[in-house]
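Everything below concerns the one structure shown next.
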Amino acid sequence: MKALPFPCIRPAQDRVLEALPAMGSILSGNDALRGAIADGLMLKDPGAAYYVYECSGEPGRVTGVVAICPTSVLAGGKGDVSADVAAAARAIAELKVQPRPVSLAYEASPVMDIILGAAKEGASLYAVTDPAGITHRAWEVKREDAVGAIRAMLDQAPEPALADDPAYAAALTGASQLLADEARSAGTYTGKEPFNFTVAVLFPAAQVSGGAPQVPTGLLTHQVARF
């Protein structure tokens with residue numbers, strides 16, 4: 001499986017409780033997002049990193065790794081051409097930011113559990129409890145040896161399966177296609193653009209057999225084109 005570290009757009013650590021309730025406004029358009037970044041409410045990480053994400057509450061605790069994967073992993077979301085999905089795809093393409101990671105399930109190894117457990121021993125970037133009583137935590141992994149260890153384990157893993165709303169996956173696929181069509185029309189398409197990748201939270205399949213949780217909108221986002 002190809003799953004890479006990435007530069008993230010996310011809330012400022014000390015303002016996350018202010019930012020998350022306002023995500024509907026912050027992610028309403030490029031001007032609003034630029035304003036939030038200029039204000040320091042949101043920030044653009046200068047370098048690439050993996051993120052460890054933990055969701056705890058009923059019925060238990062699950063841990064995943066957040067990375068960018070080729071949009072081909074969203075095959076399960078193809079084929080939905082409803083008006084709502086088309087509108088969602090256009091909104092993502094216009095914003096040029098994927099608002100939350102898509103949830104995927106993969107066959108994790110015991111070694112990966114050890115690596116992610118070690119990452120969680122450090123201080124978390126975020127620890128936020130939502131109105132439903134679910135606590136969301138995230139850790140940034142950017143140290144070279146830790147990034148290399150995670151990438152090596154993901155390289156060995158088989159392709160993941162969709163564990164999210166198929167309509168959301170279809171909207172992400174549609175947004176990628178819209179941006180690719182624009183680039184082709186402009187004669188600038190290379191195949192290496194960020195919109196050819198989707199940010200995903202990869203959960204061990206054994207932990208999410210009853211359904212995968214979703215990372216809160218705006219907590220860990222991926223810029224897919226310049227704005």
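Chain labels A, B, ... are given in the sequence in which chains occur in the structure tokens; within each chain residues are numbered consecutively from 1, and ligands are likewise numbered from 1 in the order shown.
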For Val208 (chain A), list every protein, DNA or RNA residue within 10 Å, evaluated using only C-alpha atoms, and leave out those in the same chain fewer than 2 positions away; present the list as a list in words. Arg61, Val62, Thr63, Ser103, Leu104, Ala105, Tyr106, Ala163, Phe203, Pro204, Ala205, Ala206, Gly210, Gly211, Ala212 and Pro213 of chain A
Could you write out that same residue set with C-alpha atoms as a short mmCIF file (atom, residue, chain, number, x, y, z; two decimals), in the first residue's frame?
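Below is the file that was written, again.cif:
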```cif
data_model
loop_
_atom_site.label_atom_id
_atom_site.label_comp_id
_atom_site.auth_asym_id
_atom_site.auth_seq_id
_atom_site.Cartn_x
_atom_site.Cartn_y
_atom_site.Cartn_z
CA ARG A 61 -10.79 2.83 21.62
CA VAL A 62 -9.35 2.66 18.10
CA THR A 63 -6.06 4.01 16.75
CA SER A 103 -11.74 6.24 6.85
CA LEU A 104 -10.09 3.10 5.47
CA ALA A 105 -9.47 -0.34 7.00
CA TYR A 106 -6.25 -2.28 6.48
CA ALA A 163 -14.70 1.99 5.77
CA PHE A 203 -7.56 1.82 10.93
CA PRO A 204 -6.70 -1.82 11.67
CA ALA A 205 -9.54 -3.85 10.16
CA ALA A 206 -9.93 -5.87 13.35
CA GLY A 210 -18.50 -2.74 13.28
CA GLY A 211 -17.85 0.59 11.53
CA ALA A 212 -15.01 3.08 11.53
CA PRO A 213 -15.08 6.43 13.32
#
```
Choose the residue, out of A:Ser109, A:Thr173, A:Ser25, A:Thr135, that has the smallest atom-to-atom separation from Gln156 (chain A); count only C-alpha atoms.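 Using only C-alpha atoms, Gln156 (chain A) sits closest to A:Ser109.
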As number ranges by chain, list the residues of region 22-173 of chain A assigned to alpha helix (DSSP H) by DSSP on the backbone atoms of this structure. A: 23-26, 30-39, 83-95, 110-119, 144-156, 166-173
Smallest atom-to-atom distance to Glu140 (chain A): which of A:Glu159, A:Glu94, A:Glu54, A:Asp181, using only C-alpha atoms? A:Glu54
Hey, what's within 7 Å of Ala67 (chain A) if we count only C-alpha atoms and toss same-chain stuff fewer than 5 positions away? As a list in words, please? Ala3, Leu4, Pro5, Phe6, Tyr50, Val199, Ala200 and Val201 of chain A
Which one is closest to Tyr126 (chain A): A:Pro101, A:Pro194, A:Gly64, A:Pro11? Count only C-alpha atoms.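 Ranked by minimum distance to Tyr126 (chain A), first place goes to A:Pro11.
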Using only C-alpha atoms for the distances, tell me which of A:Val141, A:Cys8, A:Leu20, A:Ile92 is nearest to Leu43 (chain A).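 Selected residue with least distance to Leu43 (chain A): A:Cys8.
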Would you give me, as a PyMOL selection string, the residues in region 10-222 of chain A that DSSP reads as strand (DSSP E or B)? chain A and resi 10-11+42-44+49-56+61-70+97-98+102-106+126-129+135-141+161-162+197-204+221-222
Restricted to N, CA and C atoms, what would the selected residues look like written as a compact mmCIF listing (two decimals), in the first residue's frame?
```txt
# COMPACT_ATOMS: atom_id res chain seq x y z
N ARG A 10 -4.36 22.57 9.59
CA ARG A 10 -5.05 22.14 10.80
C ARG A 10 -5.20 23.32 11.77
N PRO A 11 -6.02 23.16 12.80
CA PRO A 11 -6.16 24.25 13.77
C PRO A 11 -4.86 24.48 14.55
N MET A 42 -5.94 28.83 12.02
CA MET A 42 -5.52 27.62 11.31
C MET A 42 -4.05 27.81 10.91
N LEU A 43 -3.34 26.71 10.69
CA LEU A 43 -1.96 26.80 10.26
C LEU A 43 -1.68 25.76 9.18
N LYS A 44 -0.69 26.09 8.35
CA LYS A 44 -0.22 25.19 7.31
C LYS A 44 1.14 24.65 7.75
N ALA A 49 4.34 15.09 7.42
CA ALA A 49 4.33 14.26 8.62
C ALA A 49 3.21 13.23 8.50
N TYR A 50 3.34 12.17 9.27
CA TYR A 50 2.21 11.29 9.54
C TYR A 50 1.54 11.79 10.81
N TYR A 51 0.29 11.40 11.01
CA TYR A 51 -0.43 11.72 12.24
C TYR A 51 -1.04 10.44 12.79
N VAL A 52 -0.91 10.25 14.08
CA VAL A 52 -1.58 9.15 14.76
C VAL A 52 -2.87 9.70 15.34
N TYR A 53 -3.97 9.02 15.06
CA TYR A 53 -5.28 9.48 15.51
C TYR A 53 -5.90 8.41 16.39
N GLU A 54 -6.41 8.83 17.54
CA GLU A 54 -7.07 7.91 18.47
C GLU A 54 -8.47 8.43 18.78
N CYS A 55 -9.43 7.55 18.72
CA CYS A 55 -10.82 7.87 19.03
C CYS A 55 -11.24 6.96 20.18
N SER A 56 -11.71 7.53 21.27
CA SER A 56 -12.09 6.71 22.41
C SER A 56 -13.45 7.11 22.94
N ARG A 61 -11.84 1.94 22.10
CA ARG A 61 -10.79 2.83 21.62
C ARG A 61 -10.18 2.24 20.35
N VAL A 62 -9.99 3.09 19.34
CA VAL A 62 -9.35 2.66 18.10
C VAL A 62 -8.25 3.66 17.75
N THR A 63 -7.20 3.16 17.11
CA THR A 63 -6.06 4.01 16.75
C THR A 63 -5.75 3.80 15.28
N GLY A 64 -5.58 4.89 14.55
CA GLY A 64 -5.23 4.82 13.14
C GLY A 64 -4.08 5.75 12.82
N VAL A 65 -3.56 5.61 11.61
CA VAL A 65 -2.51 6.50 11.13
C VAL A 65 -3.07 7.29 9.96
N VAL A 66 -2.80 8.59 9.96
CA VAL A 66 -3.32 9.48 8.91
C VAL A 66 -2.20 9.74 7.91
N ALA A 67 -2.52 9.49 6.63
CA ALA A 67 -1.54 9.60 5.55
C ALA A 67 -2.28 9.94 4.27
N ILE A 68 -1.53 10.25 3.22
CA ILE A 68 -2.18 10.43 1.91
C ILE A 68 -1.94 9.18 1.06
N CYS A 69 -3.00 8.76 0.37
CA CYS A 69 -2.98 7.56 -0.47
C CYS A 69 -3.46 7.94 -1.87
N PRO A 70 -3.05 7.21 -2.89
CA PRO A 70 -3.59 7.47 -4.23
C PRO A 70 -5.12 7.37 -4.22
N VAL A 97 -9.36 21.89 -0.78
CA VAL A 97 -8.92 21.27 0.47
C VAL A 97 -9.88 20.13 0.79
N GLN A 98 -9.31 18.96 1.12
CA GLN A 98 -10.14 17.85 1.58
C GLN A 98 -10.47 18.08 3.05
N VAL A 102 -10.70 10.41 4.84
CA VAL A 102 -11.64 9.33 4.59
C VAL A 102 -11.17 8.12 5.42
N SER A 103 -12.09 7.39 6.00
CA SER A 103 -11.74 6.24 6.85
C SER A 103 -11.55 4.99 6.00
N LEU A 104 -10.41 4.34 6.16
CA LEU A 104 -10.09 3.10 5.47
C LEU A 104 -9.68 2.04 6.49
N ALA A 105 -9.86 0.78 6.13
CA ALA A 105 -9.47 -0.34 7.00
C ALA A 105 -8.37 -1.14 6.31
N TYR A 106 -7.35 -1.51 7.06
CA TYR A 106 -6.25 -2.28 6.48
C TYR A 106 -5.79 -3.34 7.48
N TYR A 126 -3.61 17.33 19.98
CA TYR A 126 -5.00 17.64 20.32
C TYR A 126 -5.56 16.55 21.22
N ALA A 127 -6.47 16.95 22.09
CA ALA A 127 -7.30 16.03 22.87
C ALA A 127 -8.63 16.75 23.06
N VAL A 128 -9.60 16.38 22.24
CA VAL A 128 -10.87 17.11 22.17
C VAL A 128 -12.02 16.12 22.37
N THR A 129 -12.94 16.44 23.25
CA THR A 129 -14.11 15.61 23.46
C THR A 129 -15.32 16.28 22.82
N THR A 135 -13.80 11.16 22.59
CA THR A 135 -12.57 11.93 22.68
C THR A 135 -11.68 11.63 21.48
N HIS A 136 -11.22 12.67 20.83
CA HIS A 136 -10.37 12.58 19.66
C HIS A 136 -8.98 13.11 20.02
N ARG A 137 -7.97 12.30 19.80
CA ARG A 137 -6.59 12.72 20.07
C ARG A 137 -5.77 12.54 18.80
N ALA A 138 -4.77 13.40 18.64
CA ALA A 138 -3.88 13.29 17.48
C ALA A 138 -2.46 13.63 17.90
N TRP A 139 -1.52 12.88 17.34
CA TRP A 139 -0.10 13.09 17.55
C TRP A 139 0.57 13.29 16.20
N GLU A 140 1.52 14.20 16.12
CA GLU A 140 2.27 14.42 14.89
C GLU A 140 3.53 13.56 14.91
N VAL A 141 3.83 12.89 13.81
CA VAL A 141 5.03 12.06 13.69
C VAL A 141 5.86 12.60 12.53
N ALA A 161 -9.40 -1.18 2.48
CA ALA A 161 -10.79 -1.20 2.04
C ALA A 161 -11.50 0.04 2.57
N LEU A 162 -12.48 0.51 1.83
CA LEU A 162 -13.26 1.67 2.25
C LEU A 162 -14.05 1.32 3.51
N PHE A 197 -4.12 12.42 -4.76
CA PHE A 197 -4.01 11.72 -3.48
C PHE A 197 -5.17 12.15 -2.57
N THR A 198 -5.56 11.24 -1.71
CA THR A 198 -6.59 11.55 -0.73
C THR A 198 -6.02 11.34 0.66
N VAL A 199 -6.34 12.22 1.59
CA VAL A 199 -5.89 12.00 2.96
C VAL A 199 -6.85 11.01 3.60
N ALA A 200 -6.26 10.00 4.25
CA ALA A 200 -7.05 8.90 4.82
C ALA A 200 -6.57 8.60 6.23
N VAL A 201 -7.49 8.15 7.07
CA VAL A 201 -7.11 7.58 8.35
C VAL A 201 -7.24 6.07 8.21
N LEU A 202 -6.12 5.40 8.40
CA LEU A 202 -6.03 3.95 8.20
C LEU A 202 -6.18 3.25 9.54
N PHE A 203 -7.29 2.54 9.70
CA PHE A 203 -7.56 1.82 10.93
C PHE A 203 -7.30 0.32 10.74
N PRO A 204 -6.79 -0.36 11.76
CA PRO A 204 -6.70 -1.82 11.67
C PRO A 204 -8.09 -2.41 11.47
N THR A 221 -6.59 18.31 7.63
CA THR A 221 -7.05 18.48 6.26
C THR A 221 -5.88 18.44 5.29
N HIS A 222 -6.21 18.26 4.01
CA HIS A 222 -5.19 18.12 2.98
C HIS A 222 -5.48 19.09 1.84
```
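Distances to Glu182 (chain A) were evaluated for A:Gly117, A:Ile9, A:Ala93, A:Gly40 using only C-alpha atoms, and the minimum falls at A:Ala93.
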